[in-house]
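Undergrad: What follows is structure21.txt, made up of compact mmCIF, C-alpha atoms:
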```txt
# COMPACT_ATOMS: atom_id res chain seq x y z
CA MET E 8 -18.07 17.65 -8.30
CA ASN E 9 -16.23 17.81 -4.96
CA PRO E 10 -17.47 15.23 -2.45
CA ARG E 11 -20.11 16.05 0.14
CA PRO E 12 -18.58 15.78 3.60
CA GLY E 13 -20.51 12.85 5.16
CA SER E 14 -19.69 11.75 8.71
CA PRO E 15 -16.35 12.76 10.25
CA TYR E 16 -13.48 10.32 9.74
CA LEU E 17 -12.43 7.91 12.45
CA ASN E 18 -9.68 9.04 14.84
CA PRO E 19 -6.39 8.21 13.06
CA TYR E 20 -5.01 6.19 15.98
CA LEU E 21 -8.18 4.05 16.21
CA ALA E 22 -8.15 3.53 12.43
CA GLY E 23 -4.46 2.60 12.67
CA ILE E 24 -5.14 0.04 15.40
CA GLY E 25 -7.92 -1.43 13.23
CA LEU E 26 -5.61 -1.66 10.21
CA GLY E 27 -2.83 -3.08 12.38
CA LEU E 28 -5.08 -5.82 13.72
CA VAL E 29 -6.14 -6.78 10.17
CA LEU E 30 -2.45 -6.92 9.21
CA LEU E 31 -1.66 -9.00 12.32
CA ALA E 32 -4.51 -11.39 11.39
CA ALA E 33 -2.95 -11.79 7.94
CA PHE E 34 0.41 -12.71 9.52
CA VAL E 35 -1.16 -15.18 11.96
CA ILE E 36 -3.65 -16.81 9.57
CA MET E 37 -1.73 -16.69 6.28
CA GLY E 38 1.93 -16.10 7.14
CA ARG E 39 2.01 -13.13 4.78
CA GLY E 40 1.01 -9.48 4.85
CA LEU E 41 -1.39 -7.33 2.84
CA GLY E 42 -0.81 -5.93 -0.64
CA ALA E 43 -2.36 -4.15 -3.58
CA SER E 44 -0.05 -3.56 -6.56
CA GLY E 45 0.31 -7.31 -7.28
CA ALA E 46 -3.43 -7.51 -8.00
CA PHE E 47 -3.01 -4.88 -10.72
CA SER E 48 -0.16 -6.93 -12.25
CA SER E 49 -2.32 -10.08 -12.33
CA THR E 50 -5.26 -8.21 -13.85
CA LEU E 51 -3.14 -6.45 -16.47
CA SER E 52 -1.41 -9.70 -17.48
CA TRP E 53 -4.82 -11.37 -17.84
CA LEU E 54 -6.17 -8.46 -19.95
CA VAL E 55 -3.13 -8.42 -22.27
CA ASP E 56 -3.38 -12.21 -22.55
CA LEU E 57 -7.00 -11.81 -23.73
CA VAL E 58 -6.09 -9.26 -26.43
CA ALA E 59 -2.65 -10.50 -27.49
CA PRO E 60 -1.91 -13.92 -25.94
CA ALA E 61 1.34 -14.49 -27.85
CA HIS E 62 2.68 -11.11 -26.72
CA ALA E 63 1.69 -11.59 -23.07
CA GLN E 64 3.13 -15.09 -22.85
CA ALA E 65 6.40 -14.03 -24.48
CA ASN E 66 6.82 -11.18 -21.99
CA GLU E 67 9.04 -12.12 -19.06
CA TYR E 68 7.11 -10.05 -16.51
CA MET E 69 3.55 -10.86 -17.55
CA SER E 70 4.18 -14.57 -18.13
CA GLU E 71 5.08 -14.89 -14.44
CA TYR E 72 1.62 -13.65 -13.48
CA LEU E 73 -0.04 -15.87 -16.11
CA GLY E 74 1.63 -19.03 -14.81
CA ASP E 75 1.60 -22.28 -16.77
CA GLY E 76 -2.08 -21.98 -17.67
CA SER E 77 -3.23 -24.58 -15.12
CA THR E 78 -4.98 -21.93 -13.00
CA HIS E 79 -6.77 -18.72 -14.02
CA PRO E 80 -4.47 -15.67 -13.64
CA LEU E 81 -7.15 -13.91 -11.57
CA LYS E 82 -7.29 -16.82 -9.12
CA ALA E 83 -4.57 -15.10 -7.11
CA TRP E 84 -4.49 -14.27 -3.40
CA LEU E 85 -3.98 -10.52 -3.92
CA VAL E 86 -6.80 -10.28 -6.49
CA PHE E 87 -9.26 -11.73 -3.96
CA GLU E 88 -7.85 -9.47 -1.24
CA VAL E 89 -8.25 -6.34 -3.40
CA VAL E 90 -11.85 -7.26 -4.29
CA GLY E 91 -12.36 -7.41 -0.52
CA VAL E 92 -10.75 -3.96 -0.13
CA ALA E 93 -13.27 -2.51 -2.61
CA ALA E 94 -16.20 -4.18 -0.82
CA GLY E 95 -15.00 -3.14 2.66
CA ALA E 96 -14.41 0.46 1.58
CA LEU E 97 -17.83 0.62 -0.08
CA LEU E 98 -19.48 -0.69 3.10
CA SER E 99 -17.68 1.90 5.24
CA GLY E 100 -18.42 4.66 2.71
CA ILE E 101 -22.14 3.86 2.58
CA LEU E 102 -22.40 3.72 6.39
CA ALA E 103 -20.69 7.13 6.64
CA GLY E 104 -22.58 8.78 3.76
CA ARG E 105 -19.38 9.25 1.79
CA ALA E 106 -20.06 6.89 -1.15
CA HIS E 107 -21.09 8.97 -4.18
CA LEU E 108 -19.63 10.12 -7.50
CA ALA E 109 -17.10 12.91 -7.06
CA ILE E 110 -13.65 14.11 -8.09
CA GLU E 111 -11.06 14.83 -5.42
CA LYS E 112 -9.18 18.05 -6.19
CA GLY E 113 -8.27 21.46 -4.83
CA PRO E 114 -10.23 24.59 -5.83
CA ARG E 115 -7.58 25.95 -8.25
CA VAL E 116 -7.27 23.04 -10.69
CA SER E 117 -9.56 22.11 -13.58
CA THR E 118 -11.15 18.68 -13.78
CA ALA E 119 -9.25 17.80 -16.96
CA VAL E 120 -5.85 18.65 -15.43
CA ARG E 121 -6.70 16.80 -12.21
CA LEU E 122 -7.63 13.66 -14.17
CA LEU E 123 -4.46 13.92 -16.28
CA CYS E 124 -2.42 14.13 -13.05
CA ALA E 125 -4.30 11.16 -11.61
CA PHE E 126 -3.40 9.10 -14.68
CA LEU E 127 0.28 10.15 -14.65
CA GLY E 128 0.51 9.64 -10.89
CA GLY E 129 -0.93 6.14 -11.22
CA GLY E 130 1.64 5.35 -13.90
CA LEU E 131 4.56 6.63 -11.79
CA MET E 132 3.24 4.80 -8.75
CA ALA E 133 3.00 1.52 -10.67
CA PHE E 134 6.53 1.87 -12.01
CA GLY E 135 7.91 2.65 -8.54
CA ALA E 136 5.99 -0.18 -6.88
CA HIS E 137 7.24 -2.77 -9.37
CA LEU E 138 10.84 -1.54 -9.03
CA ALA E 139 10.52 -1.82 -5.24
CA ARG E 140 8.70 -5.20 -5.27
CA GLY E 141 5.68 -3.74 -3.49
CA CYS E 142 3.72 -0.58 -2.75
CA THR E 143 2.63 1.23 0.41
CA SER E 144 0.66 -1.88 1.48
CA GLY E 145 2.99 -4.72 0.56
CA GLN E 146 6.21 -2.91 1.41
CA ALA E 147 5.70 0.01 3.82
CA LEU E 148 2.88 -1.41 5.97
CA THR E 149 3.65 -5.14 5.84
CA GLY E 150 7.46 -4.95 5.76
CA GLY E 151 7.43 -2.04 8.22
CA ALA E 152 5.75 -4.21 10.87
CA LEU E 153 8.22 -7.05 10.17
CA LEU E 154 11.24 -4.69 10.43
CA ASN E 155 12.19 -5.65 6.86
CA LEU E 156 15.31 -3.71 5.80
CA GLY E 157 14.19 -3.06 2.21
CA SER E 158 10.74 -1.94 3.38
CA TRP E 159 12.11 0.70 5.75
CA ALA E 160 14.51 1.97 3.08
CA PHE E 161 11.57 2.13 0.65
CA MET E 162 9.28 3.90 3.14
CA LEU E 163 11.88 6.57 3.89
CA MET E 164 12.21 7.32 0.17
CA VAL E 165 8.42 7.50 -0.32
CA PHE E 166 8.32 10.41 2.13
CA VAL E 167 11.43 11.98 0.55
CA GLY E 168 9.86 11.74 -2.93
CA GLY E 169 6.49 13.03 -1.72
CA TYR E 170 7.88 16.05 0.11
CA ALA E 171 10.33 16.82 -2.73
CA ALA E 172 7.49 16.89 -5.28
CA ALA E 173 4.92 18.61 -3.02
CA TRP E 174 5.83 22.22 -3.82
CA PHE E 175 5.60 21.66 -7.60
CA PHE E 176 2.08 20.25 -7.37
CA ARG E 177 0.56 22.38 -4.60
CA TRP E 178 -1.83 24.05 -7.10
CA GLN E 179 -3.53 20.69 -7.46
CA TRP E 180 -4.52 20.37 -3.81
CA ARG E 181 -4.85 23.79 -2.14
CA MET O 2 -1.71 -24.04 18.64
CA MET O 3 1.00 -22.90 16.23
CA THR O 4 0.59 -20.21 13.61
CA PRO O 5 0.70 -19.10 10.77
CA LEU O 6 -2.26 -21.44 10.30
CA TYR O 7 -1.87 -21.68 6.51
CA LYS O 8 1.81 -22.64 6.77
CA TYR O 9 0.91 -25.37 9.28
CA GLY O 10 -1.63 -26.81 6.84
CA PHE O 11 -4.81 -25.90 8.74
CA PHE O 12 -6.50 -25.14 5.39
CA GLY O 13 -5.73 -25.29 1.68
CA GLU O 14 -5.30 -22.82 -1.16
CA GLU O 15 -9.00 -22.58 -2.06
CA PHE O 16 -9.91 -21.52 1.48
CA SER O 17 -6.97 -19.08 1.53
CA LEU O 18 -8.72 -17.10 -1.23
CA LEU O 19 -11.76 -16.68 1.01
CA VAL O 20 -9.42 -15.55 3.80
CA ALA O 21 -7.92 -13.05 1.33
CA PHE O 22 -11.36 -11.59 0.63
CA VAL O 23 -12.26 -11.31 4.33
CA LEU O 24 -8.91 -9.70 5.24
CA GLY O 25 -9.40 -7.33 2.29
CA LEU O 26 -12.83 -6.41 3.66
CA GLY O 27 -11.24 -5.32 6.94
CA PHE O 28 -8.38 -3.56 5.16
CA GLY O 29 -10.72 -1.58 2.89
CA PHE O 30 -13.13 -0.80 5.73
CA PHE O 31 -10.45 0.80 7.91
CA LEU O 32 -8.80 2.60 4.95
CA GLU O 33 -12.12 4.30 4.17
CA ARG O 34 -12.87 4.94 7.88
CA ALA O 35 -9.51 6.73 8.18
CA GLY O 36 -10.43 9.00 5.26
CA PHE O 37 -8.02 7.36 2.83
CA GLY O 38 -10.67 7.16 0.13
CA SER O 39 -10.03 10.89 -0.33
CA ALA O 40 -7.04 12.10 -2.37
CA ARG O 41 -7.16 15.52 -0.67
CA LYS O 42 -6.92 13.90 2.76
CA LEU O 43 -3.99 11.70 1.58
CA ALA O 44 -2.13 14.54 -0.18
CA ALA O 45 -2.50 16.73 2.94
CA GLN O 46 0.28 14.64 4.51
CA PHE O 47 2.75 16.26 2.12
CA TYR O 48 1.48 19.79 2.89
CA LEU O 49 1.67 19.17 6.65
CA TYR O 50 -1.82 20.41 7.62
CA ASP O 51 -3.18 16.89 8.17
CA MET O 52 -0.68 14.16 9.05
CA SER O 53 -3.23 11.32 9.23
CA VAL O 54 -1.29 9.23 6.71
CA PHE O 55 1.71 9.13 9.03
CA LYS O 56 -0.41 8.61 12.16
CA VAL O 57 -2.56 5.79 10.73
CA MET O 58 0.36 4.06 9.02
CA PHE O 59 2.66 4.10 12.02
CA THR O 60 -0.10 3.12 14.46
CA ALA O 61 -0.85 0.14 12.20
CA ILE O 62 2.85 -0.77 11.93
CA VAL O 63 3.34 -0.55 15.73
CA THR O 64 0.14 -2.55 16.42
CA ALA O 65 1.05 -5.40 14.05
CA MET O 66 4.73 -5.32 15.08
CA LEU O 67 3.90 -5.58 18.80
CA GLY O 68 1.38 -8.32 17.95
CA VAL O 69 3.90 -10.53 16.16
CA THR O 70 6.54 -9.80 18.83
CA TYR O 71 4.32 -10.89 21.75
CA LEU O 72 2.81 -13.86 19.87
CA GLY O 73 6.32 -14.97 18.96
CA TRP O 74 7.44 -14.61 22.59
CA LEU O 75 4.50 -16.73 23.76
CA GLY O 76 5.51 -19.36 21.21
CA TRP O 77 2.20 -19.11 19.31
CA LEU O 78 3.61 -17.63 16.10
CA ASP O 79 6.64 -18.83 14.18
CA LEU O 80 7.85 -15.52 12.77
CA SER O 81 10.38 -17.29 10.53
CA LEU O 82 7.42 -18.64 8.50
CA VAL O 83 6.01 -15.15 7.80
CA TYR O 84 7.04 -14.11 4.29
CA LEU O 85 9.55 -11.27 4.00
CA VAL O 86 9.99 -9.49 0.66
CA PRO O 87 13.69 -9.89 -0.27
CA THR O 88 15.76 -6.73 0.02
CA HIS O 89 17.30 -5.16 -3.10
CA LEU O 90 18.43 -1.85 -1.66
CA GLY O 91 19.09 0.15 -4.86
CA PRO O 92 15.87 -0.65 -6.72
CA GLN O 93 13.84 -0.24 -3.52
CA LEU O 94 15.30 3.18 -2.75
CA LEU O 95 14.64 4.37 -6.31
CA GLY O 96 11.20 2.69 -6.39
CA GLY O 97 10.23 4.45 -3.16
CA LEU O 98 11.31 7.81 -4.55
CA VAL O 99 9.33 7.36 -7.79
CA LEU O 100 6.32 6.11 -5.85
CA GLY O 101 6.46 9.09 -3.48
CA VAL O 102 6.39 11.50 -6.43
CA GLY O 103 3.50 9.49 -7.93
CA PHE O 104 1.64 9.83 -4.62
CA VAL O 105 1.69 13.66 -4.76
CA VAL O 106 0.96 13.79 -8.51
CA GLY O 107 -1.86 11.22 -8.42
CA GLY O 108 -3.17 11.59 -4.89
CA TYR O 109 -3.40 7.89 -4.08
CA CYS O 110 -1.38 4.72 -3.67
CA PRO O 111 -2.66 1.45 -5.21
CA GLY O 112 -4.56 0.25 -2.10
CA THR O 113 -6.16 3.60 -1.30
CA SER O 114 -7.14 4.09 -4.96
CA VAL O 115 -9.23 0.91 -4.74
CA ALA O 116 -10.95 2.23 -1.60
CA ALA O 117 -11.57 5.55 -3.39
CA LEU O 118 -12.90 4.12 -6.66
CA ALA O 119 -15.21 1.79 -4.71
CA THR O 120 -16.74 4.87 -3.06
CA GLY O 121 -17.26 6.67 -6.38
CA ARG O 122 -14.15 8.83 -6.83
CA VAL O 123 -13.77 9.29 -10.58
CA ASP O 124 -10.17 10.52 -10.24
CA ALA O 125 -9.34 7.20 -8.54
CA VAL O 126 -10.77 5.29 -11.52
CA VAL O 127 -8.48 7.29 -13.82
CA TYR O 128 -5.61 6.74 -11.39
CA ALA O 129 -6.20 2.96 -11.55
CA LEU O 130 -6.10 3.16 -15.36
CA GLY O 131 -2.75 4.93 -14.91
CA ILE O 132 -1.54 1.99 -12.77
CA PHE O 133 -2.45 -0.39 -15.60
CA ALA O 134 -0.63 1.82 -18.11
CA GLY O 135 2.43 2.06 -15.85
CA THR O 136 2.42 -1.70 -15.27
CA PHE O 137 2.23 -2.32 -19.02
CA VAL O 138 5.17 0.01 -19.69
CA TYR O 139 7.10 -1.65 -16.86
CA ALA O 140 6.43 -5.13 -18.29
CA GLU O 141 7.58 -3.96 -21.74
CA VAL O 142 10.86 -2.45 -20.50
CA TYR O 143 11.44 -5.18 -17.90
CA PRO O 144 14.00 -7.13 -20.00
CA ALA O 145 16.13 -3.97 -20.30
CA ILE O 146 16.04 -3.08 -16.58
CA LYS O 147 15.97 -6.63 -15.18
CA ASP O 148 19.63 -6.55 -14.13
CA PHE O 149 19.06 -3.37 -12.11
CA VAL O 150 15.82 -4.66 -10.53
CA ASN O 151 17.64 -7.78 -9.32
CA SER O 152 20.80 -5.97 -8.23
CA ASN O 153 21.91 -5.47 -4.58
CA ALA O 154 20.33 -8.82 -3.62
CA MET O 155 20.55 -9.07 0.18
CA GLY O 156 17.92 -11.77 0.66
CA GLN O 157 15.26 -11.77 3.36
CA VAL O 158 16.87 -9.53 5.94
CA THR O 159 15.57 -7.48 8.89
CA LEU O 160 16.88 -4.30 10.53
CA PRO O 161 18.01 -6.13 13.72
CA GLU O 162 20.06 -8.55 11.59
CA VAL O 163 21.71 -5.77 9.58
CA PHE O 164 22.63 -3.69 12.61
CA GLY O 165 23.47 -6.72 14.78
CA LEU O 166 21.08 -5.56 17.50
CA PRO O 167 18.53 -7.56 19.53
CA TYR O 168 15.08 -7.80 17.88
CA GLY O 169 13.39 -6.50 21.02
CA LEU O 170 15.55 -3.37 21.09
CA LEU O 171 14.58 -2.47 17.50
CA VAL O 172 10.89 -3.02 18.31
CA PHE O 173 11.24 -0.73 21.32
CA VAL O 174 13.04 1.94 19.26
CA VAL O 175 10.31 1.90 16.58
CA VAL O 176 7.62 2.35 19.26
CA VAL O 177 9.49 5.31 20.81
CA VAL O 178 10.13 6.90 17.38
CA ALA O 179 6.43 6.48 16.50
CA VAL O 180 5.19 8.06 19.75
CA VAL O 181 7.60 11.00 19.43
CA GLY O 182 6.55 11.25 15.75
CA PHE O 183 2.85 11.42 16.70
CA TRP O 184 3.56 14.22 19.17
CA GLY O 185 5.66 16.09 16.59
CA ALA O 186 3.12 15.57 13.80
CA THR O 187 0.34 17.09 15.92
CA LYS O 188 2.58 20.06 16.76
CA ILE O 189 3.30 20.62 13.06
CA GLU O 190 -0.42 20.39 12.16
CA ARG O 191 -1.24 23.08 14.75
CA TRP O 192 1.63 25.30 13.61
CA ILE O 193 0.64 25.06 9.91
CA GLY O 194 -3.04 25.47 10.85
CA SER O 195 -2.35 28.68 12.79
CA ARG O 196 -0.43 30.20 9.85
CA SER O 197 -3.15 29.87 7.23
```
Give the structure from the file, written as structure tokens.

TA:
Amino acid sequence: MNPRPGSPYLNPYLAGIGLGLVLLAAFVIMGRGLGASGAFSSTLSWLVDLVAPAHAQANEYMSEYLGDGSTHPLKAWLVFEVVGVAAGALLSGILAGRAHLAIEKGPRVSTAVRLLCAFLGGGLMAFGAHLARGCTSGQALTGGALLNLGSWAFMLMVFVGGYAAAWFFRWQWR
Amino acid sequence: MMTPLYKYGFFGEEFSLLVAFVLGLGFGFFLERAGFGSARKLAAQFYLYDMSVFKVMFTAIVTAMLGVTYLGWLGWLDLSLVYLVPTHLGPQLLGGLVLGVGFVVGGYCPGTSVAALATGRVDAVVYALGIFAGTFVYAEVYPAIKDFVNSNAMGQVTLPEVFGLPYGLLVFVVVVVAVVGFWGATKIERWIGSRS
């Protein structure tokens, strides 16, 4: 189930310049940076509103993403941006021969454990991103380029957290 | 011509959603090009044998930072109209720590998980479900932790303002730190590579 290699990846500095120019375009055209975690908040709030509208609207966090009901919760800037991320990644993946079903994991871990870790990691990531008011895109990348104090503090701690946890989870990757 | 275009009323909210999609296209394209649709490639940053995450991220930060600096200097961009996320130091330090642990456990961050699931990575689909679960739990406990989340409010504040240093000096320092970091990261990759 591991992915077939496909074409080699782009040189990291060239890829970084490409990403940086997209981010710069966002600043110049929109007056805001890129993001990702906010799109998940909008989508979740919309889903909970479908299943249990009273509960979603009474919740302080979700009701902010639902708004006053005058516009659809998914009609949000970050939702459209993230749909674009999926389309752009798919385009790049197809061109490079890297778009196919696979599970990313090291050789020593079972599929079930890898998927459990993916789920738990996603949960932790979401909690951290909401605490910090943004994730690696909205905080580290965007705020990093704007020399935002909170973003740099956040970014430093992402690396601290990652390196602190790395030893405990090395069986998952190598 | 003055930018940001949207803030100067060059187009409305409907068109801004199309802009969002097109910017997302570029974002996703370069994330996948860099190899960030692969959890093993991303996690390698924390095991030091492939520091692409650091290299791509800091090249992007330096590129966009120099872009806004020069455009501001030329008078084409009003940087004060570019949105800054307000700083809440405590919650952001803790949030970063939790997110960093989640990165190593899950293998992705929210943006890269979208790039990975779009290219067929099943673990990224499960990871995204985890994000929804985590967001739901966060929303449920939000009333209890609200005071902490909103603590240490410092407003929209930049590093040059906090340290009382010229903006240009901080930009220059970040560029130097990045270049030295790239050199060091490559050294570390070679050292780790020669050991295994």

Undergrad: When distances are computed from all atoms listed in the file, which of O:Gly97, O:Gly112, O:Gly10, O:Gly121 shows the smallest separation from E:Gly169?

TA: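 Under the stated criterion, the closest residue is O:Gly97.
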
Undergrad: Identify which of the residues O:Val178, O:Met58, O:Ile189, O:Ile146 lies closest to chain E, counting all atoms listed in the file when measuring atom-to-atom distances.

TA: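 Counting all atoms listed in the file, the residue closest to chain E is O:Met58.
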
Undergrad: Can you sort out the box for stretch 22-34 of chain E, edges along x, y and z, all listed atoms in, 3 Å on every side, with centre and edge lengths in Å to one decimal, as JSON?

TA:
```
{"center_x": -3.9, "center_y": -4.6, "center_z": 11.7, "size_x": 14.6, "size_y": 22.2, "size_z": 13.5}
```

Undergrad: May I have the residues within 10 Å of E:Thr149 as a PyMOL selection string, using all atoms listed in the file and disregarding those fewer than 2 positions away in the same chain?

TA: (chain E and resi 27+30-31+33-34+39-42+141-147+151-155+158) or (chain O and resi 61-62+65-66+84-86)

Undergrad: Find the residues near stretch 95-103 of chain E: any atom within 8 Å, counting all atoms listed in the file, skip ones fewer than 6 places away on the same chain, and give them as a compact mmCIF listing (two decimals) with C-alpha atoms, keeping the file's coordinate frame.

TA:
```txt
# COMPACT_ATOMS: atom_id res chain seq x y z
CA GLY E 13 -20.51 12.85 5.16
CA SER E 14 -19.69 11.75 8.71
CA PRO E 15 -16.35 12.76 10.25
CA GLY O 25 -9.40 -7.33 2.29
CA LEU O 26 -12.83 -6.41 3.66
CA GLY O 27 -11.24 -5.32 6.94
CA PHE O 28 -8.38 -3.56 5.16
CA GLY O 29 -10.72 -1.58 2.89
CA PHE O 30 -13.13 -0.80 5.73
CA PHE O 31 -10.45 0.80 7.91
CA LEU O 32 -8.80 2.60 4.95
CA GLU O 33 -12.12 4.30 4.17
CA ARG O 34 -12.87 4.94 7.88
CA GLY O 38 -10.67 7.16 0.13
CA ALA O 116 -10.95 2.23 -1.60
CA ALA O 117 -11.57 5.55 -3.39
CA ALA O 119 -15.21 1.79 -4.71
CA THR O 120 -16.74 4.87 -3.06
```

Undergrad: From the list O:Ala186, O:Val177, O:Ser17, O:Ala140, which residue is nearest E:Glu71 when using only C-alpha atoms?

TA: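 Answer, going by the shortest atom-to-atom distance: O:Ala140.
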
Undergrad: Step by step: start from the point (-7.5, -10.3, -13.6) in the file's coordinates, keep every protein, DNA or RNA residue that has an atom no farther than 8 Å from it, count all atoms listed in the file, and write the set as a short mmCIF file (atom, residue, chain, number, x, y, z; two decimals) with C-alpha atoms, in the frame of the given file.

TA:
```
data_model
loop_
_atom_site.label_atom_id
_atom_site.label_comp_id
_atom_site.auth_asym_id
_atom_site.auth_seq_id
_atom_site.Cartn_x
_atom_site.Cartn_y
_atom_site.Cartn_z
CA ALA E 46 -3.43 -7.51 -8.00
CA PHE E 47 -3.01 -4.88 -10.72
CA SER E 49 -2.32 -10.08 -12.33
CA THR E 50 -5.26 -8.21 -13.85
CA LEU E 51 -3.14 -6.45 -16.47
CA SER E 52 -1.41 -9.70 -17.48
CA TRP E 53 -4.82 -11.37 -17.84
CA LEU E 54 -6.17 -8.46 -19.95
CA PRO E 80 -4.47 -15.67 -13.64
CA LEU E 81 -7.15 -13.91 -11.57
CA LYS E 82 -7.29 -16.82 -9.12
CA VAL E 86 -6.80 -10.28 -6.49
#
```

Undergrad: Measure the distance from atom CA of E:Asn18 to atom CA of O:Thr113 in Å and round it to one decimal.

TA: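 Pair atom CA of E:Asn18 / atom CA of O:Thr113 returns 17.4 Å.
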
Undergrad: Which is closer to chain E than all the others in O:Phe173, O:Phe12, O:Phe149, O:Phe47, using only C-alpha atoms?

TA: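 That would be O:Phe47, the residue with the smallest distance to chain E.
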
Undergrad: Check the smallest atom-to-atom distance from each of O:Val175, O:Phe137, O:Asp148, O:Arg191 to E:Asn66 using all atoms listed in the file, then report the winner.

TA: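 Using all atoms listed in the file, the shortest distance to E:Asn66 belongs to O:Phe137.
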
Undergrad: From the list E:Ala83, E:Ser70, E:Arg121, E:Tyr170, which residue is nearest O:Ala40 when using all atoms listed in the file?

TA: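 Between E:Ala83, E:Ser70, E:Arg121, E:Tyr170, the residue approaching O:Ala40 most closely is E:Arg121.
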
Undergrad: Residues within 9 Å of stretch 134-139 of chain E, please, as an NGL selection string. Count all atoms listed in the file; anything in the same chain fewer than 6 positions from it doesn't count.

TA: (:E and (44-45 or 48 or 146 or 157-158 or 161)) or (:O and (88-101 or 103 or 111 or 132 or 135-136 or 138-139 or 149-150))

Undergrad: Go ahead and compute the interatomic distance for atom CA of E:Gly130 and atom CA of E:Val167, in Å to one decimal.

TA: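 Atom-to-atom, atom CA of E:Gly130 and atom CA of E:Val167 are spaced 18.7 Å apart.
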
Undergrad: For O:Phe59, work out the shell of residues within 7 Å, counting all atoms listed in the file and skipping chain neighbours fewer than 4 positions away, then give it as a ChimeraX atom specification.

TA: /O:55,63,179

Undergrad: Could you please determine the separation between atom CA of E:Thr118 and atom CA of E:Gln179 in Å, to one decimal place?

TA: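 That distance, rounded to one decimal, is 10.1 Å.
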
Undergrad: Could stretch 184-196 of chain O be completed with N, CA and C atoms and written as an mmCIF file, keeping the file's coordinate frame, please?

TA:
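Written output follows (out-v7.cif):
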```cif
data_model
loop_
_atom_site.group_PDB
_atom_site.id
_atom_site.type_symbol
_atom_site.label_atom_id
_atom_site.label_comp_id
_atom_site.auth_asym_id
_atom_site.auth_seq_id
_atom_site.Cartn_x
_atom_site.Cartn_y
_atom_site.Cartn_z
ATOM 1 N N TRP O 184 3.541 12.952 18.434
ATOM 2 C CA TRP O 184 3.560 14.220 19.170
ATOM 3 C C TRP O 184 4.019 15.348 18.241
ATOM 4 N N GLY O 185 5.123 15.086 17.503
ATOM 5 C CA GLY O 185 5.660 16.090 16.590
ATOM 6 C C GLY O 185 4.690 16.408 15.456
ATOM 7 N N ALA O 186 4.045 15.373 14.916
ATOM 8 C CA ALA O 186 3.120 15.570 13.800
ATOM 9 C C ALA O 186 1.956 16.475 14.211
ATOM 10 N N THR O 187 1.444 16.262 15.432
ATOM 11 C CA THR O 187 0.340 17.090 15.920
ATOM 12 C C THR O 187 0.784 18.531 16.110
ATOM 13 N N LYS O 188 2.011 18.718 16.625
ATOM 14 C CA LYS O 188 2.580 20.060 16.760
ATOM 15 C C LYS O 188 2.648 20.776 15.405
ATOM 16 N N ILE O 189 3.155 20.047 14.409
ATOM 17 C CA ILE O 189 3.300 20.620 13.060
ATOM 18 C C ILE O 189 1.934 20.994 12.489
ATOM 19 N N GLU O 190 0.944 20.101 12.646
ATOM 20 C CA GLU O 190 -0.420 20.390 12.160
ATOM 21 C C GLU O 190 -0.937 21.694 12.755
ATOM 22 N N ARG O 191 -0.741 21.860 14.062
ATOM 23 C CA ARG O 191 -1.240 23.080 14.750
ATOM 24 C C ARG O 191 -0.510 24.319 14.256
ATOM 25 N N TRP O 192 0.810 24.172 14.049
ATOM 26 C CA TRP O 192 1.630 25.300 13.610
ATOM 27 C C TRP O 192 1.216 25.735 12.200
ATOM 28 N N ILE O 193 1.059 24.750 11.272
ATOM 29 C CA ILE O 193 0.640 25.060 9.910
ATOM 30 C C ILE O 193 -0.781 25.623 9.923
ATOM 31 N N GLY O 194 -1.644 25.025 10.767
ATOM 32 C CA GLY O 194 -3.040 25.470 10.850
ATOM 33 C C GLY O 194 -3.153 26.916 11.322
ATOM 34 N N SER O 195 -2.258 27.325 12.226
ATOM 35 C CA SER O 195 -2.350 28.680 12.790
ATOM 36 C C SER O 195 -1.798 29.720 11.801
ATOM 37 N N ARG O 196 -1.019 29.268 10.820
ATOM 38 C CA ARG O 196 -0.430 30.200 9.850
ATOM 39 C C ARG O 196 -1.383 30.553 8.732
#
```
